[in-house]
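protein_25.cif, holding mmCIF, C-alpha atoms:
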```cif
data_final
loop_
_atom_site.label_atom_id
_atom_site.label_comp_id
_atom_site.auth_asym_id
_atom_site.auth_seq_id
_atom_site.Cartn_x
_atom_site.Cartn_y
_atom_site.Cartn_z
CA MET A 1 81.42 94.78 -49.90
CA ALA A 2 79.34 97.54 -48.36
CA HIS A 3 78.08 100.28 -50.68
CA VAL A 4 78.41 103.88 -49.59
CA VAL A 5 75.69 106.29 -50.62
CA ARG A 6 77.43 109.51 -51.43
CA GLU A 7 74.41 111.63 -52.44
CA LEU A 8 70.68 111.30 -52.27
CA ASP A 9 69.37 112.42 -55.69
CA LEU A 10 65.72 113.36 -55.35
CA ASN A 11 65.41 114.36 -58.97
CA ALA A 12 65.26 110.70 -59.96
CA TYR A 13 61.84 110.42 -58.40
CA CYS A 14 60.11 113.69 -59.16
CA ARG A 15 60.61 117.08 -60.71
CA HIS A 16 58.86 119.35 -58.24
CA ASP A 17 60.28 122.76 -57.65
CA THR A 18 60.52 122.93 -53.89
CA MET A 19 62.45 120.77 -51.49
CA ILE A 20 59.33 119.94 -49.54
CA GLN A 21 57.56 118.68 -52.64
CA ARG A 22 60.56 116.49 -53.54
CA VAL A 23 60.59 114.91 -50.16
CA SER A 24 56.92 114.20 -50.28
CA ALA A 25 57.28 112.59 -53.70
CA VAL A 26 59.77 109.93 -52.65
CA PRO A 27 57.93 106.69 -52.02
CA GLY A 28 58.37 105.28 -48.54
CA LEU A 29 60.31 108.28 -47.24
CA LYS A 30 58.52 109.47 -44.09
CA THR A 31 60.81 112.11 -42.67
CA SER A 32 60.05 115.33 -40.94
CA THR A 33 60.08 118.32 -43.22
CA ALA A 34 61.69 120.48 -40.53
CA PHE A 35 64.74 118.17 -40.49
CA PHE A 36 65.41 118.61 -44.23
CA ILE A 37 64.94 122.36 -44.01
CA PHE A 38 67.52 122.45 -41.19
CA LEU A 39 69.87 120.23 -43.21
CA ARG A 40 69.51 122.35 -46.36
CA ALA A 41 70.24 125.56 -44.42
CA ASN A 42 73.47 124.10 -43.00
CA LEU A 43 74.71 122.73 -46.33
CA VAL A 44 74.61 126.06 -48.13
CA ALA A 45 78.26 126.97 -48.41
CA SER A 46 77.85 130.34 -50.07
CA SER A 47 75.74 131.90 -47.36
CA SER A 48 77.46 130.48 -44.26
CA GLY A 49 81.10 130.80 -45.30
CA LEU A 50 81.96 127.45 -43.67
CA SER A 51 83.74 124.67 -45.44
CA THR A 52 81.54 122.02 -46.98
CA PRO A 53 81.63 118.81 -44.98
CA ILE A 54 83.28 115.84 -46.66
CA MET A 55 80.66 113.30 -47.62
CA ASP A 56 83.00 110.85 -49.35
CA PRO A 57 84.37 107.81 -47.51
CA ILE A 58 87.71 108.52 -45.86
CA SER A 59 90.42 105.91 -45.68
CA SER A 60 91.84 105.11 -42.30
CA THR A 61 95.34 105.83 -43.59
CA THR A 62 94.51 109.52 -44.07
CA LEU A 63 93.45 109.99 -40.47
CA SER A 64 96.09 111.59 -38.32
CA SER A 65 96.76 110.07 -34.94
CA PRO A 66 95.55 112.15 -32.01
CA PRO A 67 98.21 114.02 -30.11
CA SER A 68 99.50 112.28 -27.03
CA SER A 69 98.23 113.66 -23.79
CA PRO A 70 100.83 114.94 -21.32
CA LEU A 71 98.90 113.24 -18.55
CA VAL A 72 99.75 109.77 -19.82
CA THR A 73 103.41 110.34 -20.64
CA VAL A 74 105.38 107.27 -19.52
CA GLU A 75 108.73 108.11 -18.06
CA PRO A 76 111.42 105.53 -17.18
CA SER A 77 111.27 104.60 -13.55
CA ALA A 78 114.30 105.53 -11.53
CA ILE A 79 115.45 103.78 -8.35
CA ASN A 80 115.97 106.35 -5.67
CA VAL A 81 119.03 105.36 -3.67
CA PRO A 82 119.39 107.42 -0.51
CA ASP A 83 122.59 109.41 -0.30
CA ASP A 84 123.01 108.72 3.42
CA LEU A 85 123.11 104.91 3.07
CA PRO A 86 125.53 103.60 5.74
CA PRO A 87 128.67 101.87 4.43
CA LEU A 88 129.31 98.16 4.90
CA SER A 89 132.80 97.40 6.20
CA THR A 90 134.66 94.33 7.48
CA SER A 91 137.59 94.67 9.87
CA VAL A 92 139.39 93.15 12.84
CA LEU A 93 137.87 94.41 16.07
CA GLU A 94 140.46 95.89 18.43
CA GLY A 95 138.55 97.67 21.18
CA GLN A 96 137.07 95.87 24.15
CA THR A 97 133.63 97.41 23.58
CA GLU A 98 133.52 96.12 20.00
CA LYS A 99 134.59 92.66 21.13
CA GLU A 100 131.91 92.63 23.80
CA ASP A 101 129.32 93.49 21.16
CA ALA A 102 130.61 90.59 19.07
CA LEU A 103 130.34 88.21 22.02
CA ARG A 104 126.82 89.43 22.65
CA LEU A 105 125.95 88.71 19.03
CA ILE A 106 127.38 85.20 19.34
CA ALA A 107 125.43 84.61 22.55
CA ASP A 108 122.25 85.65 20.76
CA SER A 109 122.92 83.06 18.05
CA ILE A 110 123.27 80.37 20.74
CA ALA A 111 119.98 81.42 22.33
CA GLN A 112 118.28 81.32 18.92
CA GLN A 113 119.09 77.62 18.73
CA ARG A 114 116.35 77.03 21.27
CA GLN A 115 113.70 78.32 18.89
CA THR A 116 115.13 76.27 16.02
CA SER A 117 115.17 73.12 18.13
CA SER A 118 111.65 73.70 19.45
CA SER A 119 110.22 74.20 15.97
CA HIS A 120 111.88 70.97 14.88
CA LEU A 121 110.60 69.00 17.85
CA VAL A 122 106.97 70.06 17.52
CA PHE A 123 106.53 68.09 14.29
CA HIS A 124 109.22 65.46 14.84
CA PRO A 125 108.09 61.99 13.63
CA PHE A 126 109.29 60.39 16.88
CA LEU A 127 107.10 62.65 19.03
CA LEU A 128 103.91 62.87 17.00
CA PRO A 129 102.76 59.24 17.63
CA PRO A 130 102.88 59.59 21.45
CA LEU A 131 101.00 62.88 21.13
CA ALA A 132 98.33 61.21 18.97
CA VAL A 133 97.97 58.37 21.51
CA ALA A 134 97.59 60.85 24.38
CA LEU A 135 94.95 62.84 22.47
CA ALA A 136 93.05 59.66 21.62
CA GLY A 137 93.10 58.59 25.29
CA ALA A 138 91.79 61.97 26.40
CA TYR A 139 89.01 61.81 23.82
CA GLN A 140 88.13 58.23 24.79
CA TYR A 141 87.85 59.08 28.45
CA ALA A 142 86.11 62.46 28.26
CA TRP A 143 83.72 62.00 25.33
CA VAL A 144 83.04 58.29 24.93
CA TYR A 145 82.72 57.39 28.61
CA ARG A 146 81.57 60.62 30.17
CA GLU A 147 80.00 62.23 27.07
CA ASP A 148 81.04 65.67 28.25
CA LEU A 149 82.14 68.11 25.56
CA GLY A 150 83.63 70.62 27.98
CA THR A 151 85.73 67.98 29.73
CA SER A 152 86.98 66.58 26.42
CA LEU A 153 88.07 70.01 25.18
CA LEU A 154 89.78 70.74 28.47
CA MET A 155 91.69 67.47 28.42
CA VAL A 156 92.76 67.86 24.80
CA CYS A 157 94.09 71.36 25.54
CA GLY A 158 95.87 70.03 28.61
CA VAL A 159 97.60 67.31 26.58
CA ILE A 160 98.78 69.82 23.96
CA MET A 161 100.02 72.27 26.60
CA THR A 162 101.92 69.51 28.37
CA TYR A 163 103.51 68.53 25.06
CA LEU A 164 104.67 72.09 24.34
CA LEU A 165 105.93 72.66 27.90
CA GLY A 166 107.96 69.47 27.69
CA ILE A 167 109.62 70.72 24.50
CA ARG A 168 110.31 74.08 26.09
CA TYR A 169 111.90 72.47 29.11
CA SER A 170 114.09 70.12 27.07
CA THR A 171 115.50 73.00 24.99
CA GLY A 172 116.23 75.31 27.90
CA GLY A 173 119.91 74.39 27.90
CA TYR A 174 120.62 76.71 24.99
CA ILE A 175 119.63 79.73 27.05
CA GLN A 176 121.98 78.64 29.81
CA ALA A 177 124.80 78.09 27.33
CA ALA A 178 124.31 81.59 25.94
CA GLU A 179 124.51 83.07 29.43
CA GLU A 180 127.74 81.17 30.17
CA LEU A 181 129.63 82.82 27.30
CA ARG A 182 132.23 85.00 28.98
CA TRP A 183 135.20 87.19 28.05
CA SER A 184 137.57 84.36 28.96
CA TRP A 185 136.19 82.30 26.06
CA LEU A 186 138.41 84.31 23.69
CA SER A 187 141.60 83.13 25.39
CA PRO A 188 143.21 79.74 24.68
CA THR A 189 143.94 79.41 28.39
CA SER A 190 140.46 80.63 29.41
CA SER A 191 142.06 83.42 31.36
CA PRO A 192 139.87 86.49 31.93
CA ASN A 193 142.98 88.74 32.11
CA ALA A 194 144.64 87.62 28.90
CA SER A 195 146.36 90.29 26.83
CA PRO A 196 144.92 91.21 23.41
CA SER A 197 147.85 89.48 21.68
CA GLU A 198 146.95 86.20 23.41
CA GLN A 199 143.27 86.38 22.51
CA ASP A 200 141.57 85.11 19.41
CA LEU A 201 141.03 87.46 16.51
CA VAL A 202 137.52 88.86 16.33
CA LEU A 203 136.31 89.94 12.89
CA GLY A 204 133.23 92.10 12.56
CA VAL A 205 131.00 93.52 9.85
CA HIS A 206 129.62 97.00 10.47
CA PHE A 207 126.62 98.46 8.71
CA GLY A 208 127.27 102.06 9.53
CA LYS A 209 127.89 101.99 13.27
CA GLN A 210 125.90 98.81 13.88
CA LEU A 211 127.67 95.47 14.25
CA ILE A 212 125.73 92.93 12.17
CA GLY A 213 128.19 90.02 11.91
CA ALA A 214 131.03 88.47 13.89
CA LEU A 215 133.62 85.74 13.44
CA VAL A 216 136.14 84.46 15.98
CA LEU A 217 139.38 83.15 14.44
CA ARG A 218 142.11 81.34 16.36
CA LEU A 219 145.52 81.07 14.69
CA GLU A 220 147.24 77.91 15.90
CA PRO A 221 150.99 77.46 15.38
CA PRO A 222 152.37 74.13 14.15
CA PRO A 223 153.24 71.57 16.85
CA SER A 224 156.98 71.89 16.16
CA SER A 225 157.02 75.59 17.06
CA SER A 226 156.47 74.84 20.76
CA HIS A 227 159.86 73.06 20.95
CA ALA A 228 161.64 75.78 19.00
CA SER A 229 160.30 78.55 21.23
CA GLY A 230 161.40 76.86 24.47
CA GLY A 231 164.82 76.64 26.02
CA GLY A 232 167.51 79.28 26.07
CA GLY A 233 167.58 79.91 22.35
CA ARG A 234 166.62 83.10 20.65
CA ARG A 235 162.99 84.02 21.17
CA ARG A 236 160.94 83.96 18.00
CA SER A 237 158.22 86.46 17.24
CA ARG A 238 154.61 85.39 17.21
CA THR A 239 154.39 85.97 13.46
CA SER A 240 157.24 83.57 12.80
CA LEU A 241 155.76 81.04 15.21
CA LEU A 242 152.52 80.98 13.22
CA ARG A 243 154.25 80.03 9.95
CA GLY A 244 153.02 76.61 8.96
CA GLY A 245 150.06 76.82 11.32
CA ARG A 246 146.35 76.90 10.59
CA GLY A 247 143.25 78.97 11.21
CA VAL A 248 140.36 77.65 13.29
CA ILE A 249 136.97 79.37 13.19
CA ARG A 250 135.37 79.16 16.63
CA ALA A 251 132.27 81.27 15.99
CA TRP A 252 130.50 82.62 12.91
CA THR A 253 127.19 84.43 13.05
CA VAL A 254 125.17 87.21 11.42
CA LYS A 255 122.09 89.03 12.67
CA LEU A 256 118.83 87.43 11.61
CA LYS A 257 117.55 90.16 9.28
CA TYR A 258 120.90 90.38 7.46
CA ARG A 259 121.34 86.67 6.79
CA GLY A 260 121.35 85.40 3.23
CA GLN A 261 122.82 88.65 1.85
CA GLY A 262 126.50 87.69 1.61
CA VAL A 263 127.61 89.14 4.95
CA GLY A 264 128.75 85.78 6.31
CA ARG A 265 130.64 85.05 3.11
CA ASP A 266 132.60 88.28 3.50
CA LEU A 267 133.58 87.21 7.01
CA LEU A 268 134.81 83.84 5.75
CA HIS A 269 136.76 85.53 2.98
CA ASP A 270 138.56 87.78 5.48
CA ALA A 271 139.25 84.82 7.77
CA VAL A 272 140.93 82.95 4.92
CA ARG A 273 142.91 86.04 3.91
CA ILE A 274 144.24 86.69 7.42
CA THR A 275 145.12 83.02 7.92
CA ARG A 276 147.03 82.86 4.63
CA GLU A 277 148.85 86.12 5.38
CA ARG A 278 150.02 85.10 8.86
CA CYS A 279 150.33 81.32 8.62
CA GLY A 280 151.42 80.89 5.02
CA ARG A 281 149.76 80.87 1.64
CA ASP A 282 148.93 77.16 1.94
CA ALA A 283 147.61 77.29 5.50
CA GLU A 284 144.45 75.35 6.26
CA VAL A 285 141.27 76.99 7.47
CA GLY A 286 138.40 75.11 9.08
CA PHE A 287 135.72 75.18 11.73
CA ALA A 288 136.54 74.10 15.25
CA ALA A 289 135.01 70.85 16.43
CA GLU A 290 133.87 72.63 19.60
CA HIS A 291 132.67 75.90 18.15
CA ALA A 292 130.31 78.28 19.92
CA ASN A 293 127.16 76.59 18.57
CA SER A 294 128.35 72.99 18.88
CA ARG A 295 126.79 72.15 22.26
CA MET A 296 123.79 69.86 21.91
CA PHE A 297 121.31 69.15 24.71
CA LEU A 298 119.20 66.50 22.99
CA PRO A 299 119.92 63.06 21.52
CA GLU A 300 121.54 63.05 18.09
CA SER A 301 118.34 62.10 16.29
CA PHE A 302 116.81 65.45 17.32
CA ASN A 303 119.74 67.60 16.14
CA THR A 304 119.08 67.37 12.39
CA PRO A 305 118.73 71.14 11.71
CA PHE A 306 122.03 71.91 13.45
CA ARG A 307 123.94 69.21 11.58
CA ARG A 308 122.47 70.52 8.36
CA SER A 309 123.66 74.02 9.22
CA GLU A 310 127.16 72.73 9.98
CA ARG A 311 127.37 70.98 6.61
CA LYS A 312 126.16 74.11 4.86
CA ALA A 313 128.77 76.23 6.67
CA ALA A 314 131.54 73.78 5.76
CA LYS A 315 130.53 73.91 2.08
CA SER A 316 130.51 77.71 2.17
CA LEU A 317 134.04 77.74 3.61
CA GLU A 318 135.26 75.24 1.03
CA LYS A 319 133.89 77.43 -1.75
CA VAL A 320 135.60 80.53 -0.33
CA VAL A 321 138.93 78.67 -0.07
CA ALA A 322 138.55 77.39 -3.64
CA ASP A 323 137.85 80.90 -4.89
CA TRP A 324 140.87 82.20 -3.01
CA ASP A 325 143.15 79.51 -4.50
CA GLY A 326 141.77 80.15 -7.97
CA THR A 327 142.44 83.88 -7.66
CA ARG A 328 146.02 83.21 -6.56
CA ARG A 329 146.67 80.93 -9.55
CA ARG A 330 145.38 83.56 -11.95
CA ARG A 331 147.71 86.15 -10.47
CA LYS A 332 150.76 84.00 -11.13
CA PRO A 333 152.69 85.05 -14.27
#
```
Spell out the structure here as structure tokens.
Amino acid sequence: MAHVVRELDLNAYCRHDTMIQRVSAVPGLKTSTAFFIFLRANLVASSSGLSTPIMDPISSTTLSSPPSSPLVTVEPSAINVPDDLPPLSTSVLEGQTEKEDALRLIADSIAQQRQTSSSHLVFHPFLLPPLAVALAGAYQYAWVYREDLGTSLLMVCGVIMTYLLGIRYSTGGYIQAAEELRWSWLSPTSSPNASPSEQDLVLGVHFGKQLIGALVLRLEPPPSSSHASGGGGRRRSRTSLLRGGRGVIRAWTVKLKYRGQGVGRDLLHDAVRITRERCGRDAEVGFAAEHANSRMFLPESFNTPFRRSERKAAKSLEKVVADWDGTRRRRKP
């Protein structure tokens, strides 16, 4: 344990009258006389009127904590949500302009398949071995036989450019398919002059005034309704003809920067709701076999990303239908 010297008693060493003599009498103490004179003048409490400094050890528990500075005050962070944030709404598109915007969005999704297919083909395991053989042949000819670095680099770049141009050419069909999407695609009879009642339902998601998602739903009546509607009997309304039918999703897309945020799920939920309201509470809902993104321009072994997307979409629809059925069971008394 450390010992604290509270007071230096100079009387134990000598009995001289002056402070200077006492300092000089202490053995081994070689301190300036001016320092002790300055110290003695400051320790005189009666003449200065100041409080005597505390020389005793002070416990840490008696020390008061320093006041907190206002500059380091930590305030809870608040998330500033803008007041003018556009609303997100899902509805059935009625106007021709809105439907044209939806078709344009679907055509963009078809064109984007080219980029997806090209990225998949660049590193496809079936195409990398021929590329490696071509690069090895170019190196063998230009560097081993001719020993020309410039020629070898030029040939290697030429092989890679030819490889990429071939991929670009083979995936060009998606651009053509996007350009072929017309207004008549919404009609079951492919008629460009079909009335709105004969066209497929187009569902859209608006973020403010911007259309960010679209879904095309075709409500198909049951096969037996075609016989009941013919002949000279009483004409049935379209709503009654759809009872017992099903809903077929022909297109489903969302803008790239809004994907993965639940927008597509909202579209599927509305598609199931409309189908169950118009075709019956047990009506089936599924994707069409020939949907807008179903056209493939390459052999099946090169269409892996698209088949994966189709399986993912089917699982998403199954989950929405299961949630819808579960909600209906809970509402039953």
I need the output of the PyMOL selection byres ((chain A and resi 96-111) around 9) for this file as a PyMOL selection string; which residues are they?
chain A and resi 93-95+112-115+173-183+202-204+211-216+251-256+292-293
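Residues in contact range of Gly245 of chain A, defined as at most 8 Å between all atoms listed in the file, with sequence neighbours fewer than 3 positions away removed, read Leu219, Glu220, Pro221, Pro222, Leu242, Cys279, Gly280, Ala283 and Glu284 of chain A.
For the residues A:Val122, A:Leu154, A:Leu267, A:Met296, ranking by smallest atom-to-atom distance to Val320 of chain A using all atoms listed in the file places A:Leu267 first.
Interatomic distance, atom CA of Phe287 of chain A to atom CA of Lys209 of chain A: 28.0 Å.
The space separating atom CA of Asp266 of chain A from atom CA of Thr304 of chain A comes to 26.4 Å.
The residues returned by the PyMOL selection byres ((chain A and resi 301) around 12) for this structure are A:Ser117, A:His120, A:Leu121, A:His124, A:Pro125, A:Phe126, A:Leu127, A:Met296, A:Phe297, A:Leu298, A:Pro299, A:Glu300, A:Phe302, A:Asn303, A:Thr304, A:Pro305, A:Phe306, A:Arg307.
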For the residues in that selection, give me C-alpha atoms as a JSON list (two decimals), in the frame of the given file.
```
[["chain", "number", "residue", "atom", "x", "y", "z"],
["A", 117, "SER", "CA", 115.17, 73.12, 18.13],
["A", 120, "HIS", "CA", 111.88, 70.97, 14.88],
["A", 121, "LEU", "CA", 110.60, 69.00, 17.85],
["A", 124, "HIS", "CA", 109.22, 65.46, 14.84],
["A", 125, "PRO", "CA", 108.09, 61.99, 13.63],
["A", 126, "PHE", "CA", 109.29, 60.39, 16.88],
["A", 127, "LEU", "CA", 107.10, 62.65, 19.03],
["A", 296, "MET", "CA", 123.79, 69.86, 21.91],
["A", 297, "PHE", "CA", 121.31, 69.15, 24.71],
["A", 298, "LEU", "CA", 119.20, 66.50, 22.99],
["A", 299, "PRO", "CA", 119.92, 63.06, 21.52],
["A", 300, "GLU", "CA", 121.54, 63.05, 18.09],
["A", 302, "PHE", "CA", 116.81, 65.45, 17.32],
["A", 303, "ASN", "CA", 119.74, 67.60, 16.14],
["A", 304, "THR", "CA", 119.08, 67.37, 12.39],
["A", 305, "PRO", "CA", 118.73, 71.14, 11.71],
["A", 306, "PHE", "CA", 122.03, 71.91, 13.45],
["A", 307, "ARG", "CA", 123.94, 69.21, 11.58]]
```
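Atom CA of Val263 of chain A is positioned 20.0 Å from atom CA of Arg218 of chain A.
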Considering all atoms listed in the file, return as number ranges by chain whatever protein or nucleic-acid residues lie within 7 Å of Gly208 of chain A, sequence-local ones (same chain, fewer than 5 positions apart) excluded.
A: 86-88
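Restricting the calculation to only C-alpha atoms, the smallest distance between Ser118 of chain A and any of A:Arg168, A:Arg329, A:Arg246, A:Arg273 is found for A:Arg168.
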Specify the axis-aligned box that encloses all atoms of segment 279-284 of chain A listed in the file after padding of 6 Å on each side, stating its centre and edge lengths in Å to one decimal as lines of an AutoDock Vina configuration file.
```
center_x = 147.9
center_y = 78.3
center_z = 5.1
size_x = 19.0
size_y = 18.0
size_z = 19.0
```
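For the choices A:Pro223, A:Gly264, A:Gly137, A:Gly247, the atom-to-atom distance to Val156 of chain A is smallest for A:Gly137 when using only C-alpha atoms.
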Taking (104.9, 72.2, 26.3) as a centre in this file's frame and 12 Å as the limit, can you find every polymer residue with an atom that close, using all atoms listed in the file, and give them as number ranges by chain?
A: 118-119, 121-122, 131, 157-172
Could you name the residues that touch Tyr141 of chain A at 12 Å or less, counting all atoms listed in the file, but leaving out those on the same chain fewer than 5 positions away, as a PyMOL selection string?
chain A and resi 134-136+146-149+151-156
For N, CA, C and O atoms, please extract segment 291-308 of chain A from the block and return it as an mmCIF file, in the first residue's frame.
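Output file result.cif follows:
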```cif
data_model
loop_
_atom_site.group_PDB
_atom_site.id
_atom_site.type_symbol
_atom_site.label_atom_id
_atom_site.label_comp_id
_atom_site.auth_asym_id
_atom_site.auth_seq_id
_atom_site.Cartn_x
_atom_site.Cartn_y
_atom_site.Cartn_z
ATOM 1 N N HIS A 291 -47.534 -17.532 -71.846
ATOM 2 C CA HIS A 291 -47.598 -16.172 -71.318
ATOM 3 C C HIS A 291 -46.675 -15.258 -72.117
ATOM 4 O O HIS A 291 -45.991 -15.689 -73.065
ATOM 5 N N ALA A 292 -46.630 -14.009 -71.738
ATOM 6 C CA ALA A 292 -45.898 -13.015 -72.531
ATOM 7 C C ALA A 292 -44.409 -13.298 -72.586
ATOM 8 O O ALA A 292 -43.744 -12.970 -73.581
ATOM 9 N N ASN A 293 -43.849 -13.911 -71.550
ATOM 10 C CA ASN A 293 -42.406 -14.175 -71.491
ATOM 11 C C ASN A 293 -42.065 -15.642 -71.730
ATOM 12 O O ASN A 293 -41.002 -16.094 -71.328
ATOM 13 N N SER A 294 -42.971 -16.371 -72.375
ATOM 14 C CA SER A 294 -42.752 -17.813 -72.540
ATOM 15 C C SER A 294 -41.972 -18.178 -73.800
ATOM 16 O O SER A 294 -41.481 -19.306 -73.904
ATOM 17 N N ARG A 295 -41.844 -17.264 -74.741
ATOM 18 C CA ARG A 295 -41.147 -17.587 -75.990
ATOM 19 C C ARG A 295 -39.650 -17.734 -75.734
ATOM 20 O O ARG A 295 -39.018 -16.864 -75.131
ATOM 21 N N MET A 296 -39.113 -18.861 -76.197
ATOM 22 C CA MET A 296 -37.694 -19.154 -76.059
ATOM 23 C C MET A 296 -37.079 -19.267 -77.453
ATOM 24 O O MET A 296 -37.677 -19.848 -78.361
ATOM 25 N N PHE A 297 -35.869 -18.720 -77.612
ATOM 26 C CA PHE A 297 -35.198 -18.702 -78.904
ATOM 27 C C PHE A 297 -33.917 -19.524 -78.895
ATOM 28 O O PHE A 297 -33.159 -19.485 -79.867
ATOM 29 N N LEU A 298 -33.686 -20.253 -77.825
ATOM 30 C CA LEU A 298 -32.497 -21.086 -77.709
ATOM 31 C C LEU A 298 -32.912 -22.483 -77.285
ATOM 32 O O LEU A 298 -34.038 -22.690 -76.807
ATOM 33 N N PRO A 299 -32.044 -23.479 -77.465
ATOM 34 C CA PRO A 299 -32.368 -24.825 -76.968
ATOM 35 C C PRO A 299 -32.656 -24.822 -75.468
ATOM 36 O O PRO A 299 -32.259 -23.920 -74.728
ATOM 37 N N GLU A 300 -33.369 -25.849 -75.026
ATOM 38 C CA GLU A 300 -33.844 -25.885 -73.644
ATOM 39 C C GLU A 300 -32.708 -25.862 -72.632
ATOM 40 O O GLU A 300 -32.872 -25.336 -71.520
ATOM 41 N N SER A 301 -31.574 -26.398 -72.968
ATOM 42 C CA SER A 301 -30.453 -26.422 -72.020
ATOM 43 C C SER A 301 -29.899 -25.032 -71.720
ATOM 44 O O SER A 301 -29.172 -24.858 -70.739
ATOM 45 N N PHE A 302 -30.251 -24.034 -72.548
ATOM 46 C CA PHE A 302 -29.765 -22.677 -72.328
ATOM 47 C C PHE A 302 -30.830 -21.764 -71.700
ATOM 48 O O PHE A 302 -30.612 -20.560 -71.596
ATOM 49 N N ASN A 303 -31.966 -22.336 -71.322
ATOM 50 C CA ASN A 303 -33.068 -21.533 -70.786
ATOM 51 C C ASN A 303 -33.230 -21.714 -69.275
ATOM 52 O O ASN A 303 -34.326 -21.519 -68.738
ATOM 53 N N THR A 304 -32.175 -22.072 -68.598
ATOM 54 C CA THR A 304 -32.261 -22.338 -67.152
ATOM 55 C C THR A 304 -32.751 -21.142 -66.342
ATOM 56 O O THR A 304 -33.620 -21.311 -65.475
ATOM 57 N N PRO A 305 -32.266 -19.924 -66.562
ATOM 58 C CA PRO A 305 -32.761 -18.807 -65.724
ATOM 59 C C PRO A 305 -34.237 -18.523 -65.898
ATOM 60 O O PRO A 305 -34.918 -18.136 -64.947
ATOM 61 N N PHE A 306 -34.765 -18.747 -67.111
ATOM 62 C CA PHE A 306 -36.197 -18.484 -67.330
ATOM 63 C C PHE A 306 -37.060 -19.563 -66.690
ATOM 64 O O PHE A 306 -38.122 -19.255 -66.139
ATOM 65 N N ARG A 307 -36.634 -20.796 -66.735
ATOM 66 C CA ARG A 307 -37.391 -21.861 -66.072
ATOM 67 C C ARG A 307 -37.360 -21.680 -64.561
ATOM 68 O O ARG A 307 -38.350 -21.947 -63.865
ATOM 69 N N ARG A 308 -36.242 -21.199 -64.060
ATOM 70 C CA ARG A 308 -36.162 -20.921 -62.628
ATOM 71 C C ARG A 308 -37.117 -19.802 -62.238
ATOM 72 O O ARG A 308 -37.766 -19.862 -61.182
#
```
